[in-house]
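Here is the structure we will look at, set down as structure tokens.
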Amino acid sequence: MTDLAKAYDPSLVEDRIYADWLAKNYFHADANNSKPAYSIVIPPPNVTGVLTMGHVLNNTIQDVLIRHARLQGCETLWLPGTDHAGLATQTAVEKALRKPDELPKTVREVLESLDHVWDKDAGKPKMALTRYNIGREALLKLIWAWTKDRGGIIIQQLKKLGCSCDWERERFTMDTDYHKAVINAFIDLYNKGYIYRGKRMVNWCPASHTAISDEEVIPTPQKGKLYTMRYEVVELPGTFIEIATTRPETLMGDTAVAVNPNDERYQHLHGKHVWRPFPKAQIPIVADEHVDFEFGTGVLKVTPAHDKADFEIGKRHNLPVIDVLTPDAKINCPDVPELHGLDRFDARKKSAEMLQELNLLVKEDAYENNVGFSERGQVPIEPRLSEQWFLDYRKMLNGKMIPEALNMVLGKHIKFHPDRWEKVYSHWLENIQDWCISRQVYWGHRIPVWYKGAEVACQESSPGKGWEQDPDSMDTWASSWLWAYATMDDTTRKKFYPTSALVTGPDIIFLWVARMIMAGLEFNPANSEKLEDNIAFKDVYFTGLIRDRQGRKMSKSLGNSPDPLDLIAKYGADGLRFGLMRIAPQGLDIRFDEKQIEEGRNFCNKLWNACRFRAMQGDIDAHADPFSKQLTPYAAHILARLDEVILKVDEAFKKFEFSAVAGALYEFVWDDFCSRFLETAKADFADANSPTREGTLATIDYVLSKVLRLLHPFTPFISEEIWTEFGFGKNTIQFAPWPAVSGKTLDNSAVEQAQHTYVLIDASRRLRGEFQIALNKKLNFKLKRDTALSTSESALLPSLIGAETLTIISQALEKTPVAITPLGDLYMPLEGLIDLDKERERLEKELAKAQANLERENKKLQNSTMLAKAPAEKVAEWQALKADAEAQITKLSEQLKSLK
RNA sequence: GGAGCUUUAGCUUAGUGGUAGAGCGUCCGCUUCACACGCGGAAGGUCACUGGUUCGAACCCAGUAAGCUCCACCA
């Protein structure tokens, strides 16, 4: 037996073990194997992204599921890959091109080879490096180079985390095969008549010059103004009607004003006209149900080109559509030179001034409303009329898509965990809008549609000379919705599709999860008549969000997200995984605190040292059978506890309750195994002639061999290291059988006594109720529940509750009719109001405590600045504690005030 | 406007009707030969609030408050 180090050092273990796993090809899934299949496809991260805490949570859960299934004897496939992330990646590269000197070498080389933009002699670009100057082909070359340079990063990081993906099957959404699948899906939907091209209002991002989907628009509260202006009625000179608007800069695009047909104030105006001030024109007054007569003045200016609702009104009343904005949201209206060419926000002020001059502005009110912001461009989106490609979900599956997609989830063919997300899913499906699948982005799968004059063809390659391809590409999600099957070849698909589980955040339930379900149903990847054979996955586990100590989302911009690689370096991948899993309850947000990861690391060290202790006692018996040996009561007890834990773990795994699994194992290892059992085992080891020594050793070996496997899904590295070090198996722990309960009945006084104790406690709890009923009967209380102790049960009372307790209770009953706890303590009901003096006293006590806390932290901080010794992380911790204390003081002071 | 989630010790939280638990932090004591990433001990809880159901509520029901999230609307 080799000596184990005093403290477990993951950095000496993890990389070596991972390399060994890869070398032995343990993660590769064999599609021809007869073992039951278990498969997961990774939610593909952005190809150029880096690992975040969200990824760590997400992928740890997937690895836990995969490793658990592998131990259970399944043939497991965890299919990894990355997403080209169209707009996001293109935006990132365009941004990087602004600083050519900081580009990665390989990208820079491509840039320097582009003669039309790169000045070789001057060693700098000839012009601003925008996508228009660079051009489609060249920009794509640059993005490919960028992707190749950055693309491996996140994959390497997943390996550091210990993910057991089948790297031979790694896919990218721009791979040739995958590209074909995406294009063919489009052509298929087009041929079936589900896809159409149409002029529709889309969310236009003026920064990135593309349409974006509703899901990518973030409503953001904005402080603005509500302008009330007045238009003169043409037919009634001198009569004005007042109109409220937040966007006077679009009034050149007004082609009507609208009132509610039931609004009595304006009924005499139906069919008449008003003067639009600039450019001056007569526009009709129309009556439309959409108008809310409570809002503003009850009159709405109708700008069909620049508002979704107005566009619909325009359609209903056959109004002309006048576009007065350029693609980058500048005013395009040569008839009004004062505004022409102005930015939309400057034009807003200017047009208000112009109305003022014409004496048509009644008032300006401060007003807060929600404005849709582009997720990528960080600017307000502009509703804009443009030619786009749409998918009509409702037509899919011969018009049955919506009910069938609902049925798959509500009928539990696909199970959501937690199931409350079913409601969100069905609400969205029931109110579904057509999907705008075209994007004005170069990076992505180009729309396979070709034009020649009025002719249109939908096919993979050009029909011939003179045909031009649609310049747009497809929404990223219109490629990733095929991820669950288009990543697999036929053989793989036969064995592993539908996939077993999907692990993802609820934020992409519409963007991705729902669409993957629909893609499975529509495209029949299982080649089966039965729809339920084509579901993309059987279980969906929705993770929570990771928040910081203050409860804020973790995000790059806030800088509150720790780098997972730093955490791995500090605590080990196992520590990070275990710490995170222990605090990640199903579907709830996680308030992240590094302390929790520290606990994970400490736990690994505890396990390591338990093994070290065992190693000191002599050789390990890999096939130890404690049941055939003489055992101490403690050994019998821990063996019984082990069975309990295995049952608990199996139960929790079935319900996807990973924190319950991790928690149960933590308690078992630390409290039962280390604190109780190993401490008592020391007696056996101190006495060389102890008759139970053999049994105790065997018990330790037996428990360890099982515990290591139970822990392996969470802490793969340390469990593998000890497993091989101790020789529990010739091979990796990964394919060892999942532990089952021993099934042995232990005839042992300790176990019996423990069980007896538990039974007594339980019985006394249950009996308490019945006992109390009996007591109340004696006191002539009116009982609603008609249960009483039988004679034999009553006879048992003294033995179960204890004669002494019974006496106390009887005595108490003489004095006052009160409720009684099982232990015989008297419980006095609170009478009347809270004692204000006592409450004040309590608050003052708490306040003093909080102030003391604050002082203590202040002192520490002061000392740390003076001595300049404390590490930065400690200082940060003290600052957090200080903030906590301050918050507490504010809260308490307020409570005290309200009392006085 | 609609829906969902959360509220337990200073902090992070466990707890599916029966004596309120853990880790961290704090305070006290220990370098005891597995582990100071540790061990032993202490202090610290009107379980957000109000009502209801119940012999009994942190837990079930109703309402209130605060915080978070999603959907819809937003002239």
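Labels for the structure tokens follow display order: chains A, B, ..., residues from 1 in each chain, ligands from 1.
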
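Using only C-alpha atoms (C1' of nucleotides), we find that the part of chain B lying within 9 Å of chain A comprises A3, G4, C5, U6, G10, C11, U12, U13, A14, G18, U19, G23, C24, G25, U26, A34, C35, C37, G38, U46, C55, G56, C68, C70, C71, C74 and A75 of chain B.
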
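One distance worth recording is that between atom CA of A:Phe496 and atom CA of A:His84, which is 24.1 Å.
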
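One finds atom CA of A:Arg641 at 19.1 Å from atom C1' of B:G21.
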
Need the shell around A:Gln433: protein/DNA/RNA residues with any atom at most 12 Å away, counting only C-alpha atoms (C1' of nucleotides). Skip same-chain ones fewer than 3 positions apart. Format as a ChimeraX atom specification? /A:202,213-215,390-395,402,427-430,436-437,510

With all heavy atoms retained, export the selected residues as a short mmCIF file (atom, residue, chain, number, x, y, z; two decimals), in the first residue's frame.
data_model
loop_
_atom_site.label_atom_id
_atom_site.label_comp_id
_atom_site.auth_asym_id
_atom_site.auth_seq_id
_atom_site.Cartn_x
_atom_site.Cartn_y
_atom_site.Cartn_z
N VAL A 202 -41.24 43.28 -38.29
CA VAL A 202 -40.27 42.50 -37.54
C VAL A 202 -39.59 43.42 -36.54
O VAL A 202 -39.71 44.65 -36.61
CB VAL A 202 -39.20 41.88 -38.46
CG1 VAL A 202 -39.82 40.85 -39.37
CG2 VAL A 202 -38.49 42.95 -39.24
N SER A 213 -35.78 37.90 -33.38
CA SER A 213 -37.04 37.30 -32.97
C SER A 213 -37.57 37.95 -31.70
O SER A 213 -36.82 38.62 -30.98
CB SER A 213 -36.84 35.81 -32.73
OG SER A 213 -36.02 35.61 -31.62
N ASP A 214 -38.85 37.75 -31.44
CA ASP A 214 -39.46 38.31 -30.24
C ASP A 214 -38.69 37.92 -28.99
O ASP A 214 -38.56 38.69 -28.05
CB ASP A 214 -40.91 37.80 -30.09
CG ASP A 214 -41.81 38.41 -31.15
OD1 ASP A 214 -41.41 39.42 -31.76
OD2 ASP A 214 -42.91 37.87 -31.37
N GLU A 215 -38.18 36.69 -29.00
CA GLU A 215 -37.50 36.18 -27.81
C GLU A 215 -36.19 36.90 -27.55
O GLU A 215 -35.64 36.82 -26.46
CB GLU A 215 -37.25 34.67 -27.94
CG GLU A 215 -38.49 33.81 -27.77
CD GLU A 215 -39.38 33.79 -29.02
OE1 GLU A 215 -38.96 34.33 -30.06
OE2 GLU A 215 -40.50 33.26 -28.92
N PHE A 390 -40.87 33.28 -43.02
CA PHE A 390 -41.58 32.88 -41.82
C PHE A 390 -41.94 31.40 -41.87
O PHE A 390 -42.21 30.85 -42.94
CB PHE A 390 -42.88 33.68 -41.67
CG PHE A 390 -42.66 35.14 -41.42
CD1 PHE A 390 -42.52 36.03 -42.48
CD2 PHE A 390 -42.57 35.62 -40.12
CE1 PHE A 390 -42.30 37.37 -42.24
CE2 PHE A 390 -42.36 36.96 -39.88
CZ PHE A 390 -42.22 37.84 -40.94
N LEU A 391 -41.96 30.81 -40.69
CA LEU A 391 -42.46 29.44 -40.57
C LEU A 391 -43.79 29.50 -39.81
O LEU A 391 -43.86 30.04 -38.71
CB LEU A 391 -41.46 28.57 -39.81
CG LEU A 391 -41.96 27.18 -39.42
CD1 LEU A 391 -42.27 26.34 -40.64
CD2 LEU A 391 -40.93 26.45 -38.55
N ASP A 392 -44.80 28.93 -40.41
CA ASP A 392 -46.11 28.87 -39.78
C ASP A 392 -46.19 27.56 -38.99
O ASP A 392 -46.47 26.50 -39.53
CB ASP A 392 -47.21 28.93 -40.84
CG ASP A 392 -48.59 29.00 -40.22
OD1 ASP A 392 -48.72 28.70 -39.01
OD2 ASP A 392 -49.55 29.35 -40.94
N TYR A 393 -45.92 27.68 -37.67
CA TYR A 393 -45.90 26.47 -36.84
C TYR A 393 -47.21 25.68 -36.94
O TYR A 393 -47.23 24.47 -36.88
CB TYR A 393 -45.75 26.82 -35.36
CG TYR A 393 -44.47 27.43 -34.91
CD1 TYR A 393 -44.40 28.76 -34.55
CD2 TYR A 393 -43.33 26.65 -34.75
CE1 TYR A 393 -43.24 29.33 -34.05
CE2 TYR A 393 -42.16 27.20 -34.25
CZ TYR A 393 -42.13 28.54 -33.90
OH TYR A 393 -40.98 29.09 -33.41
N ARG A 394 -48.31 26.44 -37.02
CA ARG A 394 -49.62 25.78 -36.94
C ARG A 394 -49.88 24.84 -38.11
O ARG A 394 -50.63 23.88 -37.97
CB ARG A 394 -50.74 26.83 -36.86
CG ARG A 394 -50.75 27.57 -35.55
CD ARG A 394 -51.79 28.66 -35.53
NE ARG A 394 -51.62 29.51 -34.37
CZ ARG A 394 -52.08 29.21 -33.15
NH1 ARG A 394 -52.75 28.09 -32.97
NH2 ARG A 394 -51.86 30.01 -32.13
N LYS A 395 -49.25 25.15 -39.24
CA LYS A 395 -49.47 24.29 -40.41
C LYS A 395 -48.67 23.00 -40.33
O LYS A 395 -48.97 22.04 -41.03
CB LYS A 395 -49.05 25.05 -41.67
CG LYS A 395 -50.09 26.05 -42.15
CD LYS A 395 -49.70 26.53 -43.54
CE LYS A 395 -50.66 27.62 -44.02
NZ LYS A 395 -50.07 28.35 -45.16
N ILE A 402 -49.44 21.81 -33.18
CA ILE A 402 -49.65 22.41 -31.85
C ILE A 402 -50.29 21.40 -30.89
O ILE A 402 -49.75 21.16 -29.80
CB ILE A 402 -50.48 23.71 -31.96
CG1 ILE A 402 -49.80 24.69 -32.94
CG2 ILE A 402 -50.66 24.35 -30.59
CD1 ILE A 402 -48.39 25.07 -32.59
N HIS A 427 -48.65 27.43 -22.48
CA HIS A 427 -49.14 28.79 -22.72
C HIS A 427 -48.52 29.38 -23.98
O HIS A 427 -49.19 30.02 -24.78
CB HIS A 427 -48.82 29.69 -21.52
CG HIS A 427 -49.34 31.08 -21.65
ND1 HIS A 427 -48.54 32.14 -22.03
CD2 HIS A 427 -50.58 31.58 -21.50
CE1 HIS A 427 -49.27 33.23 -22.10
NE2 HIS A 427 -50.51 32.93 -21.78
N TRP A 428 -47.25 29.12 -24.17
CA TRP A 428 -46.56 29.64 -25.35
C TRP A 428 -47.10 28.98 -26.62
O TRP A 428 -47.39 29.64 -27.61
CB TRP A 428 -45.06 29.40 -25.23
CG TRP A 428 -44.26 29.95 -26.37
CD1 TRP A 428 -43.98 31.26 -26.62
CD2 TRP A 428 -43.63 29.21 -27.41
NE1 TRP A 428 -43.22 31.38 -27.76
CE2 TRP A 428 -42.99 30.14 -28.26
CE3 TRP A 428 -43.52 27.86 -27.72
CZ2 TRP A 428 -42.26 29.75 -29.39
CZ3 TRP A 428 -42.80 27.47 -28.83
CH2 TRP A 428 -42.18 28.42 -29.67
N LEU A 429 -47.24 27.65 -26.56
CA LEU A 429 -47.71 26.93 -27.74
C LEU A 429 -49.11 27.38 -28.15
O LEU A 429 -49.42 27.51 -29.33
CB LEU A 429 -47.74 25.43 -27.46
CG LEU A 429 -46.47 24.65 -27.77
CD1 LEU A 429 -46.68 23.19 -27.44
CD2 LEU A 429 -46.07 24.79 -29.23
N GLU A 430 -49.94 27.61 -27.15
CA GLU A 430 -51.31 27.97 -27.46
C GLU A 430 -51.41 29.37 -28.07
O GLU A 430 -52.38 29.68 -28.74
CB GLU A 430 -52.18 27.87 -26.19
CG GLU A 430 -52.54 26.43 -25.86
CD GLU A 430 -52.89 26.23 -24.39
OE1 GLU A 430 -52.99 27.23 -23.66
OE2 GLU A 430 -53.04 25.06 -24.00
N CYS A 436 -40.14 34.09 -37.45
CA CYS A 436 -39.34 34.77 -38.47
C CYS A 436 -37.96 34.11 -38.47
O CYS A 436 -37.18 34.28 -37.53
CB CYS A 436 -39.21 36.25 -38.15
SG CYS A 436 -38.07 37.13 -39.23
N ILE A 437 -37.69 33.34 -39.53
CA ILE A 437 -36.46 32.54 -39.50
C ILE A 437 -35.33 33.12 -40.34
O ILE A 437 -34.28 32.53 -40.45
CB ILE A 437 -36.71 31.08 -39.95
CG1 ILE A 437 -37.44 31.06 -41.28
CG2 ILE A 437 -37.48 30.30 -38.90
CD1 ILE A 437 -37.53 29.66 -41.85
N PHE A 510 -38.53 28.31 -25.01
CA PHE A 510 -39.19 28.58 -26.31
C PHE A 510 -38.18 28.55 -27.45
O PHE A 510 -38.44 27.97 -28.49
CB PHE A 510 -39.86 29.95 -26.31
CG PHE A 510 -40.74 30.19 -25.12
CD1 PHE A 510 -40.66 31.38 -24.43
CD2 PHE A 510 -41.63 29.22 -24.70
CE1 PHE A 510 -41.47 31.60 -23.33
CE2 PHE A 510 -42.43 29.43 -23.60
CZ PHE A 510 -42.35 30.62 -22.91
#

Might you pull out every residue within 10 Å of stretch 627-629 of chain A, with only C-alpha atoms (C1' of nucleotides) counted and same-chain residues fewer than 4 positions away left off, and present them as JSON, numbers by chain? {"A": [635, 636, 639, 691, 692, 693, 694, 695, 696, 698, 699, 702, 742, 744, 745, 746]}

Write out as a list in words each polymer residue whose atoms come within 12 Å of B:C49, counting only C-alpha atoms (C1' of nucleotides); drop sequence neighbours fewer than 5 positions from it. U7, G63, U64, A65 and A66 of chain B

Near B:G17, within 9 Å and counting only C-alpha atoms (C1' of nucleotides), which residues show up once chain neighbours fewer than 2 positions away are dropped, as a PyMOL selection string? chain B and resi 54+56-57+59-60

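Here the DSSP assignment of strand (DSSP E or B), based on backbone atoms, applies within stretch 410-527 of chain A to Lys415, Phe416, His417, Trp435, Cys436, Ser438, Arg439, Arg446, Val449, Trp450, Tyr451, Lys452, Glu455, Val456, Ala457, Cys458, Glu468, Gln469, Ser473, Met474, Thr499, Ser500, Ala501, Leu502, Val503 and Thr504 of chain A.
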
Can I get the selected residues back with N, CA and C atoms, as a PDB file, in the first residue's frame?
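What landed in part29.pdb:
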ATOM      1  N   LYS A 415     -41.134  14.301 -20.042  1.00  0.00           N
ATOM      2  CA  LYS A 415     -41.392  14.755 -18.664  1.00  0.00           C
ATOM      3  C   LYS A 415     -40.515  15.957 -18.333  1.00  0.00           C
ATOM      4  N   PHE A 416     -41.149  17.024 -17.871  1.00  0.00           N
ATOM      5  CA  PHE A 416     -40.420  18.214 -17.449  1.00  0.00           C
ATOM      6  C   PHE A 416     -40.129  18.118 -15.956  1.00  0.00           C
ATOM      7  N   HIS A 417     -38.919  18.504 -15.579  1.00  0.00           N
ATOM      8  CA  HIS A 417     -38.561  18.550 -14.164  1.00  0.00           C
ATOM      9  C   HIS A 417     -38.003  19.927 -13.852  1.00  0.00           C
ATOM     10  N   TRP A 435     -42.814  32.082 -36.887  1.00  0.00           N
ATOM     11  CA  TRP A 435     -41.398  32.249 -36.536  1.00  0.00           C
ATOM     12  C   TRP A 435     -40.684  32.921 -37.704  1.00  0.00           C
ATOM     13  N   CYS A 436     -40.141  34.089 -37.450  1.00  0.00           N
ATOM     14  CA  CYS A 436     -39.335  34.769 -38.467  1.00  0.00           C
ATOM     15  C   CYS A 436     -37.960  34.113 -38.470  1.00  0.00           C
ATOM     16  N   SER A 438     -35.547  34.277 -40.943  1.00  0.00           N
ATOM     17  CA  SER A 438     -34.443  34.856 -41.717  1.00  0.00           C
ATOM     18  C   SER A 438     -33.743  35.940 -40.911  1.00  0.00           C
ATOM     19  N   ARG A 439     -32.463  36.039 -41.126  1.00  0.00           N
ATOM     20  CA  ARG A 439     -31.660  37.050 -40.447  1.00  0.00           C
ATOM     21  C   ARG A 439     -30.759  37.706 -41.482  1.00  0.00           C
ATOM     22  N   ARG A 446     -27.124  29.909 -45.109  1.00  0.00           N
ATOM     23  CA  ARG A 446     -27.794  30.839 -46.023  1.00  0.00           C
ATOM     24  C   ARG A 446     -29.108  30.223 -46.515  1.00  0.00           C
ATOM     25  N   VAL A 449     -32.810  29.651 -51.150  1.00  0.00           N
ATOM     26  CA  VAL A 449     -33.821  30.083 -52.112  1.00  0.00           C
ATOM     27  C   VAL A 449     -33.129  30.941 -53.164  1.00  0.00           C
ATOM     28  N   TRP A 450     -33.515  30.725 -54.415  1.00  0.00           N
ATOM     29  CA  TRP A 450     -32.839  31.383 -55.550  1.00  0.00           C
ATOM     30  C   TRP A 450     -33.867  32.147 -56.356  1.00  0.00           C
ATOM     31  N   TYR A 451     -33.445  33.312 -56.849  1.00  0.00           N
ATOM     32  CA  TYR A 451     -34.359  34.149 -57.627  1.00  0.00           C
ATOM     33  C   TYR A 451     -33.767  34.418 -59.003  1.00  0.00           C
ATOM     34  N   LYS A 452     -34.698  34.444 -59.979  1.00  0.00           N
ATOM     35  CA  LYS A 452     -34.313  34.912 -61.320  1.00  0.00           C
ATOM     36  C   LYS A 452     -35.533  35.650 -61.826  1.00  0.00           C
ATOM     37  N   GLU A 455     -39.032  34.455 -60.971  1.00  0.00           N
ATOM     38  CA  GLU A 455     -38.981  33.032 -60.640  1.00  0.00           C
ATOM     39  C   GLU A 455     -38.327  32.813 -59.282  1.00  0.00           C
ATOM     40  N   VAL A 456     -38.812  31.836 -58.553  1.00  0.00           N
ATOM     41  CA  VAL A 456     -38.248  31.490 -57.253  1.00  0.00           C
ATOM     42  C   VAL A 456     -38.023  29.987 -57.208  1.00  0.00           C
ATOM     43  N   ALA A 457     -36.871  29.576 -56.703  1.00  0.00           N
ATOM     44  CA  ALA A 457     -36.623  28.144 -56.543  1.00  0.00           C
ATOM     45  C   ALA A 457     -36.036  27.893 -55.167  1.00  0.00           C
ATOM     46  N   CYS A 458     -36.510  26.844 -54.522  1.00  0.00           N
ATOM     47  CA  CYS A 458     -35.968  26.489 -53.216  1.00  0.00           C
ATOM     48  C   CYS A 458     -35.208  25.194 -53.352  1.00  0.00           C
ATOM     49  N   GLU A 468     -29.912  34.177 -58.524  1.00  0.00           N
ATOM     50  CA  GLU A 468     -29.228  34.780 -57.378  1.00  0.00           C
ATOM     51  C   GLU A 468     -29.789  34.223 -56.086  1.00  0.00           C
ATOM     52  N   GLN A 469     -28.897  33.934 -55.147  1.00  0.00           N
ATOM     53  CA  GLN A 469     -29.365  33.364 -53.880  1.00  0.00           C
ATOM     54  C   GLN A 469     -29.853  34.466 -52.945  1.00  0.00           C
ATOM     55  N   SER A 473     -29.477  34.795 -44.031  1.00  0.00           N
ATOM     56  CA  SER A 473     -29.185  33.476 -43.474  1.00  0.00           C
ATOM     57  C   SER A 473     -30.267  33.138 -42.457  1.00  0.00           C
ATOM     58  N   MET A 474     -30.210  31.909 -41.972  1.00  0.00           N
ATOM     59  CA  MET A 474     -31.263  31.446 -41.075  1.00  0.00           C
ATOM     60  C   MET A 474     -30.941  31.765 -39.626  1.00  0.00           C
ATOM     61  N   THR A 499     -33.201  10.904 -27.384  1.00  0.00           N
ATOM     62  CA  THR A 499     -32.233  10.986 -26.303  1.00  0.00           C
ATOM     63  C   THR A 499     -32.949  10.830 -24.964  1.00  0.00           C
ATOM     64  N   SER A 500     -32.187  10.473 -23.963  1.00  0.00           N
ATOM     65  CA  SER A 500     -32.792  10.185 -22.665  1.00  0.00           C
ATOM     66  C   SER A 500     -33.175  11.456 -21.921  1.00  0.00           C
ATOM     67  N   ALA A 501     -32.267  12.405 -21.902  1.00  0.00           N
ATOM     68  CA  ALA A 501     -32.531  13.599 -21.088  1.00  0.00           C
ATOM     69  C   ALA A 501     -31.924  14.822 -21.745  1.00  0.00           C
ATOM     70  N   LEU A 502     -32.509  15.958 -21.432  1.00  0.00           N
ATOM     71  CA  LEU A 502     -31.960  17.249 -21.840  1.00  0.00           C
ATOM     72  C   LEU A 502     -31.810  18.080 -20.574  1.00  0.00           C
ATOM     73  N   VAL A 503     -30.663  18.712 -20.431  1.00  0.00           N
ATOM     74  CA  VAL A 503     -30.439  19.571 -19.264  1.00  0.00           C
ATOM     75  C   VAL A 503     -30.189  20.978 -19.765  1.00  0.00           C
ATOM     76  N   THR A 504     -31.056  21.905 -19.379  1.00  0.00           N
ATOM     77  CA  THR A 504     -30.903  23.258 -19.903  1.00  0.00           C
ATOM     78  C   THR A 504     -31.569  24.265 -18.980  1.00  0.00           C
TER      79      THR A 504
END

Record the distance separating atom CA of A:Gly618 and atom CA of A:His712, expressed in Å with one decimal. 24.4 Å

Write out as an mmCIF file with all heavy atoms, in the first residue's frame which residues come within 12 Å of B:A62 when counting only C-alpha atoms (C1' of nucleotides), dropping same-chain ones fewer than 6 positions away.
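The resulting around38.cif:
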data_model
loop_
_atom_site.group_PDB
_atom_site.id
_atom_site.type_symbol
_atom_site.label_atom_id
_atom_site.label_comp_id
_atom_site.auth_asym_id
_atom_site.auth_seq_id
_atom_site.Cartn_x
_atom_site.Cartn_y
_atom_site.Cartn_z
ATOM 1 P P U B 50 -48.438 37.987 12.840
ATOM 2 O OP1 U B 50 -48.490 38.597 14.175
ATOM 3 O OP2 U B 50 -47.965 36.585 12.670
ATOM 4 O "O5'" U B 50 -49.869 38.092 12.161
ATOM 5 C "C5'" U B 50 -50.493 39.357 11.963
ATOM 6 C "C4'" U B 50 -51.788 39.175 11.220
ATOM 7 O "O4'" U B 50 -51.515 38.891 9.821
ATOM 8 C "C3'" U B 50 -52.631 37.990 11.664
ATOM 9 O "O3'" U B 50 -53.373 38.268 12.831
ATOM 10 C "C2'" U B 50 -53.502 37.748 10.443
ATOM 11 O "O2'" U B 50 -54.562 38.674 10.377
ATOM 12 C "C1'" U B 50 -52.519 38.032 9.307
ATOM 13 N N1 U B 50 -51.893 36.792 8.813
ATOM 14 C C2 U B 50 -52.580 36.078 7.850
ATOM 15 O O2 U B 50 -53.663 36.423 7.423
ATOM 16 N N3 U B 50 -51.957 34.928 7.417
ATOM 17 C C4 U B 50 -50.744 34.440 7.840
ATOM 18 O O4 U B 50 -50.318 33.395 7.351
ATOM 19 C C5 U B 50 -50.087 35.234 8.836
ATOM 20 C C6 U B 50 -50.666 36.352 9.274
ATOM 21 P P G B 51 -53.940 37.046 13.673
ATOM 22 O OP1 G B 51 -54.744 37.636 14.757
ATOM 23 O OP2 G B 51 -52.834 36.118 13.982
ATOM 24 O "O5'" G B 51 -54.868 36.303 12.623
ATOM 25 C "C5'" G B 51 -56.244 36.130 12.860
ATOM 26 C "C4'" G B 51 -56.915 35.627 11.611
ATOM 27 O "O4'" G B 51 -56.031 35.737 10.463
ATOM 28 C "C3'" G B 51 -57.270 34.151 11.614
ATOM 29 O "O3'" G B 51 -58.394 33.871 12.410
ATOM 30 C "C2'" G B 51 -57.472 33.893 10.134
ATOM 31 O "O2'" G B 51 -58.690 34.446 9.681
ATOM 32 C "C1'" G B 51 -56.312 34.696 9.544
ATOM 33 N N9 G B 51 -55.118 33.832 9.397
ATOM 34 C C8 G B 51 -53.935 33.880 10.088
ATOM 35 N N7 G B 51 -53.081 32.955 9.718
ATOM 36 C C5 G B 51 -53.749 32.254 8.721
ATOM 37 C C6 G B 51 -53.343 31.141 7.943
ATOM 38 O O6 G B 51 -52.278 30.529 7.970
ATOM 39 N N1 G B 51 -54.330 30.744 7.045
ATOM 40 C C2 G B 51 -55.562 31.342 6.926
ATOM 41 N N2 G B 51 -56.381 30.822 6.016
ATOM 42 N N3 G B 51 -55.955 32.377 7.642
ATOM 43 C C4 G B 51 -55.009 32.785 8.515
ATOM 44 P P G B 52 -58.417 32.489 13.204
ATOM 45 O OP1 G B 52 -59.573 32.529 14.105
ATOM 46 O OP2 G B 52 -57.061 32.232 13.755
ATOM 47 O "O5'" G B 52 -58.694 31.430 12.050
ATOM 48 C "C5'" G B 52 -59.891 31.523 11.280
ATOM 49 C "C4'" G B 52 -59.856 30.544 10.146
ATOM 50 O "O4'" G B 52 -58.685 30.774 9.324
ATOM 51 C "C3'" G B 52 -59.709 29.079 10.545
ATOM 52 O "O3'" G B 52 -60.938 28.529 10.961
ATOM 53 C "C2'" G B 52 -59.189 28.459 9.254
ATOM 54 O "O2'" G B 52 -60.220 28.304 8.304
ATOM 55 C "C1'" G B 52 -58.238 29.553 8.761
ATOM 56 N N9 G B 52 -56.851 29.295 9.177
ATOM 57 C C8 G B 52 -56.118 29.966 10.121
ATOM 58 N N7 G B 52 -54.901 29.488 10.250
ATOM 59 C C5 G B 52 -54.844 28.442 9.339
ATOM 60 C C6 G B 52 -53.780 27.552 9.011
ATOM 61 O O6 G B 52 -52.643 27.507 9.486
ATOM 62 N N1 G B 52 -54.155 26.640 8.033
ATOM 63 C C2 G B 52 -55.384 26.595 7.432
ATOM 64 N N2 G B 52 -55.568 25.648 6.516
ATOM 65 N N3 G B 52 -56.382 27.419 7.712
ATOM 66 C C4 G B 52 -56.036 28.313 8.667
ATOM 67 P P U B 53 -60.987 27.345 12.002
ATOM 68 O OP1 U B 53 -62.400 27.043 12.282
ATOM 69 O OP2 U B 53 -60.045 27.657 13.101
ATOM 70 O "O5'" U B 53 -60.382 26.140 11.152
ATOM 71 C "C5'" U B 53 -61.142 25.557 10.099
ATOM 72 C "C4'" U B 53 -60.372 24.425 9.482
ATOM 73 O "O4'" U B 53 -59.133 24.927 8.906
ATOM 74 C "C3'" U B 53 -59.887 23.358 10.457
ATOM 75 O "O3'" U B 53 -60.909 22.434 10.784
ATOM 76 C "C2'" U B 53 -58.739 22.718 9.673
ATOM 77 O "O2'" U B 53 -59.227 21.857 8.674
ATOM 78 C "C1'" U B 53 -58.116 23.949 9.016
ATOM 79 N N1 U B 53 -57.010 24.496 9.832
ATOM 80 C C2 U B 53 -55.783 23.878 9.722
ATOM 81 O O2 U B 53 -55.579 22.931 8.988
ATOM 82 N N3 U B 53 -54.798 24.410 10.496
ATOM 83 C C4 U B 53 -54.902 25.478 11.367
ATOM 84 O O4 U B 53 -53.919 25.840 12.004
ATOM 85 C C5 U B 53 -56.213 26.062 11.429
ATOM 86 C C6 U B 53 -57.193 25.559 10.679
#
